[in-house]
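**Q** Sharing start_1.cif, mmCIF, C-alpha atoms:
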data_target
#
loop_
_atom_site.label_atom_id
_atom_site.label_comp_id
_atom_site.auth_asym_id
_atom_site.auth_seq_id
_atom_site.Cartn_x
_atom_site.Cartn_y
_atom_site.Cartn_z
CA LEU A 1181 -22.70 -29.01 35.36
CA VAL A 1182 -24.11 -26.07 33.41
CA PHE A 1183 -20.66 -24.46 33.18
CA LEU A 1184 -19.19 -27.82 32.24
CA VAL A 1185 -21.49 -28.02 29.22
CA ILE A 1186 -20.71 -24.41 28.24
CA CYS A 1187 -16.96 -25.01 28.48
CA TRP A 1188 -17.25 -28.28 26.57
CA TRP A 1189 -18.61 -26.42 23.56
CA LEU A 1190 -16.69 -23.16 23.81
CA LEU A 1191 -13.30 -24.72 24.52
CA ALA A 1192 -13.60 -27.64 22.11
CA GLU A 1193 -10.50 -28.12 19.99
CA SER A 1194 -9.53 -30.82 17.54
CA PRO A 1195 -6.52 -33.02 18.45
CA THR A 1196 -4.73 -31.83 15.29
CA ALA A 1197 -5.12 -28.15 16.20
CA ARG A 1198 -4.00 -28.88 19.76
CA LYS A 1199 -0.87 -30.66 18.56
CA GLN A 1200 -0.02 -27.82 16.17
CA ARG A 1201 -0.45 -25.22 18.91
CA SER A 1202 1.66 -27.24 21.33
CA ALA A 1203 4.40 -27.60 18.72
CA ARG A 1204 4.48 -23.85 18.09
CA ARG A 1205 4.69 -23.06 21.79
CA ALA A 1206 7.46 -25.63 22.28
CA THR A 1207 9.41 -23.97 19.48
CA ALA A 1208 8.79 -20.52 21.00
CA ALA A 1209 10.16 -21.64 24.35
CA GLN A 1210 13.48 -22.35 22.55
CA ARG A 1211 15.24 -23.76 25.57
CA PRO A 1212 13.90 -27.14 26.70
CA LEU A 1213 14.39 -28.50 30.19
CA PRO A 1214 18.11 -29.25 30.54
CA ALA A 1215 19.55 -32.74 30.29
CA GLY A 1216 18.58 -34.60 33.42
CA GLY A 1217 14.91 -33.65 33.13
CA MET A 1218 12.92 -32.74 36.19
CA LEU A 1219 15.71 -33.42 38.68
CA ARG A 1220 18.08 -31.06 36.90
CA GLY A 1221 15.33 -28.49 36.48
CA SER A 1222 14.44 -28.74 40.18
CA ALA A 1223 18.07 -28.12 41.06
CA ASP A 1224 17.97 -24.97 38.92
CA VAL A 1225 14.90 -23.80 40.85
CA PHE A 1226 16.31 -24.61 44.29
CA ARG A 1227 19.51 -22.69 43.58
CA GLN A 1228 17.59 -19.42 43.31
CA ALA A 1229 17.10 -17.52 46.56
CA THR A 1230 13.89 -16.07 45.15
CA PHE A 1231 12.33 -19.54 45.16
CA TRP A 1232 12.84 -19.87 48.91
CA ASN A 1233 11.44 -16.38 49.44
CA LEU A 1234 8.32 -17.18 47.44
CA ALA A 1235 8.06 -20.60 49.11
CA ALA A 1236 8.11 -18.92 52.53
CA ILE A 1237 5.32 -16.55 51.47
CA TYR A 1238 3.19 -19.31 49.99
CA GLY A 1239 3.86 -21.87 52.71
CA LEU A 1240 3.31 -19.58 55.69
CA PHE A 1241 0.20 -18.16 54.06
CA GLY A 1242 -1.04 -21.72 53.64
CA ALA A 1243 -0.37 -22.42 57.31
CA GLY A 1244 -2.47 -19.46 58.43
CA TYR A 1245 -5.24 -20.19 55.94
CA ALA A 1246 -5.47 -23.89 56.83
CA THR A 1247 -5.44 -23.16 60.56
CA PHE A 1248 -8.26 -20.64 60.20
CA ILE A 1249 -10.40 -22.95 58.08
CA THR A 1250 -9.84 -25.86 60.49
CA PHE A 1251 -10.57 -24.13 63.78
CA ALA A 1252 -12.73 -21.07 63.00
CA VAL A 1253 -16.14 -22.58 63.69
CA ALA A 1254 -14.99 -24.55 66.73
CA TYR A 1255 -13.31 -21.45 68.16
CA LEU A 1256 -16.51 -19.41 68.00
CA GLN A 1257 -18.41 -22.27 69.62
CA GLU A 1258 -15.77 -22.26 72.34
CA GLN A 1259 -16.66 -18.59 72.82
CA ALA A 1260 -20.31 -19.55 73.48
CA TRP A 1261 -21.61 -19.05 69.94
CA THR A 1262 -24.27 -21.47 68.71
CA ALA A 1263 -23.19 -23.92 66.02
CA ALA A 1264 -25.42 -22.22 63.42
CA ALA A 1265 -24.14 -18.73 64.22
CA ALA A 1266 -20.52 -19.86 64.26
CA GLY A 1267 -20.87 -21.64 60.94
CA GLY A 1268 -22.59 -18.65 59.39
CA ALA A 1269 -19.95 -16.20 60.57
CA ALA A 1270 -17.07 -18.35 59.38
CA ALA A 1271 -18.75 -18.94 56.03
CA VAL A 1272 -18.78 -15.20 55.34
CA TRP A 1273 -15.17 -15.59 54.25
CA GLY A 1274 -16.60 -17.03 51.02
CA ALA A 1275 -18.20 -13.68 50.21
CA GLY A 1276 -14.83 -11.96 50.38
CA TYR A 1277 -13.30 -14.80 48.40
CA MET A 1278 -15.74 -14.22 45.52
CA VAL A 1279 -15.16 -10.47 45.17
CA GLY A 1280 -11.39 -10.65 45.70
CA PRO A 1281 -10.03 -11.96 42.37
CA THR A 1282 -11.16 -9.05 40.20
CA LEU A 1283 -9.98 -6.37 42.63
CA TRP A 1284 -6.62 -8.01 43.36
CA GLY A 1285 -6.06 -8.69 39.67
CA SER A 1286 -6.74 -5.06 38.86
CA LEU A 1287 -4.33 -3.95 41.58
CA ALA A 1288 -1.66 -6.37 40.33
CA ASP A 1289 -1.82 -4.67 36.93
CA ARG A 1290 -0.82 -1.38 38.57
CA ILE A 1291 1.73 -2.24 41.27
CA ALA A 1292 4.44 -4.83 41.84
CA LYS A 1293 3.33 -8.28 42.97
CA LYS A 1294 5.51 -7.84 46.05
CA TRP A 1295 3.13 -5.16 47.26
CA VAL A 1296 0.06 -7.13 46.25
CA PHE A 1297 1.31 -10.00 48.44
CA ALA A 1298 2.15 -7.64 51.31
CA ILE A 1299 -1.17 -5.78 51.24
CA SER A 1300 -3.23 -8.97 51.00
CA LEU A 1301 -1.31 -10.58 53.88
CA LEU A 1302 -1.82 -7.44 55.97
CA VAL A 1303 -5.56 -7.63 55.26
CA GLN A 1304 -5.51 -11.26 56.36
CA CYS A 1305 -3.66 -10.47 59.58
CA CYS A 1306 -6.18 -7.77 60.45
CA GLY A 1307 -9.03 -10.12 59.56
CA LEU A 1308 -7.69 -12.86 61.83
CA LEU A 1309 -7.25 -10.47 64.73
CA LEU A 1310 -10.79 -9.18 64.27
CA PHE A 1311 -12.08 -12.73 64.13
CA LEU A 1312 -10.34 -13.54 67.41
CA THR A 1313 -12.37 -10.89 69.23
CA ALA A 1314 -15.41 -13.19 68.96
CA ASP A 1315 -17.49 -10.01 68.71
CA PRO A 1316 -20.53 -10.58 66.46
CA VAL A 1317 -19.56 -7.78 64.09
CA GLY A 1318 -15.79 -8.16 64.44
CA SER A 1319 -15.78 -11.88 63.70
CA ILE A 1320 -17.97 -11.51 60.62
CA VAL A 1321 -15.90 -8.63 59.25
CA GLY A 1322 -12.73 -10.51 60.10
CA ALA A 1323 -13.86 -13.63 58.25
CA ALA A 1324 -14.81 -11.56 55.20
CA ALA A 1325 -11.42 -9.81 55.27
CA MET A 1326 -9.66 -13.16 55.52
CA GLY A 1327 -11.52 -14.47 52.48
CA PHE A 1328 -10.93 -11.28 50.53
CA GLY A 1329 -7.21 -11.20 51.23
CA LEU A 1330 -6.32 -14.85 50.78
CA ILE A 1331 -7.32 -15.19 47.11
CA ALA A 1332 -4.57 -12.74 46.08
CA ILE A 1333 -1.80 -15.15 47.06
CA PRO A 1334 -2.43 -18.24 44.89
CA THR A 1335 -3.45 -16.18 41.85
CA GLY A 1336 -0.49 -13.83 42.29
CA MET A 1337 1.94 -16.68 42.89
CA SER A 1338 1.33 -18.23 39.47
CA ALA A 1339 2.05 -14.87 37.84
CA ALA A 1340 5.11 -14.34 40.06
CA ALA A 1341 6.58 -17.66 38.91
CA SER A 1342 6.59 -16.41 35.33
CA ASP A 1343 8.14 -13.11 36.43
CA TYR A 1344 10.99 -14.54 38.48
CA PHE A 1345 11.94 -17.75 36.63
CA PRO A 1346 13.04 -18.43 33.04
CA VAL A 1347 10.48 -19.92 30.68
CA ARG A 1348 11.92 -23.42 30.69
CA ILE A 1349 11.37 -23.88 34.44
CA THR A 1350 8.42 -21.57 35.12
CA GLY A 1351 5.90 -24.41 35.35
CA LEU A 1352 8.23 -26.53 37.44
CA ALA A 1353 8.90 -23.63 39.82
CA PHE A 1354 5.19 -23.00 40.29
CA GLY A 1355 4.61 -26.71 40.86
CA LEU A 1356 7.27 -26.79 43.59
CA LEU A 1357 5.83 -23.66 45.19
CA THR A 1358 2.39 -25.26 45.18
CA LEU A 1359 3.84 -28.43 46.69
CA THR A 1360 5.28 -26.31 49.51
CA PHE A 1361 1.89 -24.71 50.07
CA GLY A 1362 0.18 -28.11 50.15
CA LEU A 1363 2.62 -29.74 52.55
CA VAL A 1364 2.56 -26.85 55.02
CA SER A 1365 -1.22 -26.62 54.81
CA VAL A 1366 -1.45 -30.26 55.89
CA ILE A 1367 1.05 -29.95 58.73
CA ALA A 1368 -0.09 -26.61 60.21
CA PRO A 1369 -3.52 -27.69 61.56
CA THR A 1370 -1.88 -30.65 63.29
CA ILE A 1371 0.54 -28.32 65.04
CA GLY A 1372 -2.31 -25.93 65.82
CA GLY A 1373 -4.25 -28.77 67.39
CA MET A 1374 -1.29 -29.77 69.54
CA VAL A 1375 -0.85 -26.17 70.69
CA SER A 1376 -4.56 -25.93 71.50
CA ASP A 1377 -4.43 -29.15 73.51
CA ALA A 1378 -1.45 -27.83 75.45
CA THR A 1379 -3.03 -24.44 76.20
CA GLY A 1380 -6.63 -25.56 76.60
CA THR A 1381 -8.07 -23.10 74.07
CA LEU A 1382 -8.45 -22.90 70.29
CA ARG A 1383 -7.55 -19.21 70.46
CA SER A 1384 -3.89 -20.22 70.61
CA ALA A 1385 -4.18 -22.19 67.35
CA ILE A 1386 -5.64 -19.23 65.47
CA LEU A 1387 -3.06 -16.93 67.06
CA LEU A 1388 -0.38 -19.28 65.76
CA GLY A 1389 -1.91 -19.06 62.29
CA THR A 1390 -1.99 -15.28 62.56
CA ALA A 1391 1.69 -15.23 63.51
CA MET A 1392 2.53 -17.35 60.45
CA VAL A 1393 0.66 -14.96 58.16
CA ALA A 1394 2.55 -12.07 59.78
CA VAL A 1395 5.88 -13.79 59.04
CA ALA A 1396 4.70 -14.33 55.45
CA LEU A 1397 4.07 -10.57 55.31
CA VAL A 1398 7.68 -9.93 56.34
CA ALA A 1399 8.86 -12.41 53.67
CA ALA A 1400 6.80 -10.52 51.08
CA LEU A 1401 8.45 -7.24 52.03
CA LEU A 1402 11.86 -8.88 51.51
CA LEU A 1403 11.00 -10.01 47.98
CA GLY A 1404 13.24 -8.39 45.40
CA LYS A 1405 12.39 -7.12 41.94
CA PRO A 1406 12.00 -9.70 39.15
CA PRO A 1407 14.87 -9.91 36.65
CA ALA A 1408 14.63 -7.42 33.82
CA ALA A 1409 13.55 -8.90 30.51
CA GLY A 1410 16.53 -9.66 28.35
CA SER A 1411 18.98 -10.02 31.22
CA GLY A 1412 20.02 -12.73 33.62
CA SER A 1413 17.83 -15.80 33.72
CA ARG A 1414 15.26 -14.41 31.31
CA THR A 1415 17.48 -13.84 28.28
CA ALA A 1416 15.09 -15.45 25.79
CA GLU A 1417 11.96 -13.71 27.02
CA PRO A 1418 11.53 -10.82 24.51
CA GLN A 1419 11.76 -13.13 21.52
CA ARG A 1420 9.50 -15.68 23.21
CA ARG A 1421 6.85 -13.04 23.82
CA ASP A 1422 6.93 -12.01 20.16
CA GLU A 1423 6.57 -15.60 19.01
CA LEU A 1424 3.79 -16.31 21.47
CA SER A 1425 1.97 -13.19 20.25
CA THR A 1426 2.25 -14.54 16.73
CA ASP A 1427 0.93 -17.92 17.90
CA LEU A 1428 -2.02 -16.32 19.64
CA GLY A 1429 -2.84 -14.31 16.56
CA THR A 1430 -2.63 -17.46 14.44
CA ASP A 1431 -4.73 -19.43 16.91
#
Mind turning this structure into structure tokens?
**A**
Amino acid sequence: LVFLVICWWLLAESPTARKQRSARRATAAQRPLPAGGMLRGSADVFRQATFWNLAAIYGLFGAGYATFITFAVAYLQEQAWTAAAAGGAAAVWGAGYMVGPTLWGSLADRIAKKWVFAISLLVQCCGLLLFLTADPVGSIVGAAAMGFGLIAIPTGMSAAASDYFPVRITGLAFGLLTLTFGLVSVIAPTIGGMVSDATGTLRSAILLGTAMVAVALVAALLLGKPPAAGSGSRTAEPQRRDELSTDLGTD
């Protein structure tokens, strides 16, 4: 609530100014969504192999993340931890989650997002394997590593959408990628639960999540370079950047 009040005052903007800024940005984009609207734009996104590569990274990451969050506490209790200790160990992932954004953002400024994705997914895989040991130290470190690594994916994915897709469908592409993440995140714990019921242990569910994160790591390594500015699907980008810079200076 405190931050809400601060944002209310700092981010306040008159409707007139908002309309003017929106009009300038629409002009800067130059190329509107093609005739046919969202359906046509979605077809443009689906035709690009890069979309399916990014969707695999985001979706499989979501599967591992959702499986961990769903079964982590119950798994430790299955390994004879008390409910309080299990909850405390699993909650440590939040500490890693809080320190992750700044460090991953700084790294993303220096290396390609492909490697940011790959490194963060590797950290998550190691964290999950450590967590599975059910060792007091290993599980806590593993949960922290999981939290630290996972935040790089959603933040990096929004930036990757602007790198790999032309301006007119960047938002739509990111929306479809997020939809993939959401759908898989809902389905994965159900599958994990079925696997656990079949094997008689929650370890198998978290192992399944770990395997999905590992496959996402492979998908990240297969990600190609984004199109160069001024070529291919991003023909209008240099001019758009100049116009947006002008808009920002005006704003």
**Q** Taking the file as I've supplied it (selection: the PyMOL selection byres ((chain A and resi 1335) around 12)), which residues are included? Please answer as a short mmCIF file (atom, residue, chain, number, x, y, z; two decimals) with C-alpha atoms, in the frame of the given file.
**A**
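Listed below is the output, expr35.cif:
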data_model
loop_
_atom_site.label_atom_id
_atom_site.label_comp_id
_atom_site.auth_asym_id
_atom_site.auth_seq_id
_atom_site.Cartn_x
_atom_site.Cartn_y
_atom_site.Cartn_z
CA TYR A 1238 3.19 -19.31 49.99
CA TYR A 1277 -13.30 -14.80 48.40
CA GLY A 1280 -11.39 -10.65 45.70
CA PRO A 1281 -10.03 -11.96 42.37
CA THR A 1282 -11.16 -9.05 40.20
CA LEU A 1283 -9.98 -6.37 42.63
CA TRP A 1284 -6.62 -8.01 43.36
CA GLY A 1285 -6.06 -8.69 39.67
CA SER A 1286 -6.74 -5.06 38.86
CA ALA A 1288 -1.66 -6.37 40.33
CA LYS A 1293 3.33 -8.28 42.97
CA VAL A 1296 0.06 -7.13 46.25
CA PHE A 1297 1.31 -10.00 48.44
CA SER A 1300 -3.23 -8.97 51.00
CA GLY A 1329 -7.21 -11.20 51.23
CA LEU A 1330 -6.32 -14.85 50.78
CA ILE A 1331 -7.32 -15.19 47.11
CA ALA A 1332 -4.57 -12.74 46.08
CA ILE A 1333 -1.80 -15.15 47.06
CA PRO A 1334 -2.43 -18.24 44.89
CA GLY A 1336 -0.49 -13.83 42.29
CA MET A 1337 1.94 -16.68 42.89
CA SER A 1338 1.33 -18.23 39.47
CA ALA A 1339 2.05 -14.87 37.84
CA ALA A 1340 5.11 -14.34 40.06
CA ALA A 1341 6.58 -17.66 38.91
CA SER A 1342 6.59 -16.41 35.33
CA PHE A 1354 5.19 -23.00 40.29
CA THR A 1358 2.39 -25.26 45.18
#
**Q** Which residues come within 12 Å of Gly1239 (chain A), counting all atoms listed in the file, excluding same-chain residues fewer than 6 positions away, as a ChimeraX atom specification?
**A** /A:1231-1233,1245-1246,1333-1334,1337,1356-1368,1389,1392-1393,1395-1397,1399-1400
**Q** When you look at Ala1394 (chain A) with a cut-off of 9 Å (counting only C-alpha atoms), what residues show up, excluding the ones that are within fewer than 5 positions of it in the same chain? I need them as a VMD selection string.
**A** chain A and resid 1240 to 1241 1301 to 1302 1304 to 1305 1389 1399
**Q** Nearest to Phe1251 (chain A) among A:Ala1323, A:Ala1385, A:Ala1235, A:Val1398, with distances taken over only C-alpha atoms: which residue is it?
**A** A:Ala1385
**Q** Compare A:Leu1309, A:Leu1256, A:Ile1299, A:Ala1229 by their minimum atom-to-atom distance to Tyr1344 (chain A), counting only C-alpha atoms, and give me the closest one.
**A**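 Closest candidate: A:Ala1229.
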**Q** So, with only C-alpha atoms as the atoms that count, which of A:Thr1230, A:Met1326, A:Trp1261, A:Leu1382 lies closest to Pro1407 (chain A)?
**A**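 Closest residue, counting only C-alpha atoms: A:Thr1230.
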**Q** Between CA of Lys1405 (chain A) and CA of Thr1350 (chain A), what is the spacing in Å?
**A**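 Calculated distance between CA of Thr1350 (chain A) and CA of Lys1405 (chain A) is 16.5 Å.
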**Q** I'd like to see the residues matched by the PyMOL selection byres ((chain A and resi 1315) around 12) on this file, and ideally I'd get them as a list of chain:residue names.
**A**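 Selected by the PyMOL selection byres ((chain A and resi 1315) around 12) here: A:Leu1256, A:Gln1259, A:Ala1260, A:Trp1261, A:Ala1265, A:Ala1266, A:Ala1269, A:Leu1309, A:Leu1310, A:Phe1311, A:Leu1312, A:Thr1313, A:Ala1314, A:Pro1316, A:Val1317, A:Gly1318, A:Ser1319, A:Ile1320, A:Val1321, A:Gly1322, A:Ala1323.
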**Q** So how many Å separate CA of Phe1226 (chain A) and CA of Ala1243 (chain A), to one decimal?
**A**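 Between these atoms lies a distance of 21.3 Å.
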**Q** In Å, rounded to a single decimal, give me how far CA of Leu1191 (chain A) is from CA of Gly1327 (chain A).
**A**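 So the answer is 29.8 Å.
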**Q** Rank nothing, just name the residue among A:Ala1271, A:Ala1203, A:Leu1181, A:Ala1192 nearest to Ile1249 (chain A), using all atoms listed in the file.
**A**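 Under the stated criterion, the closest residue is A:Ala1271.
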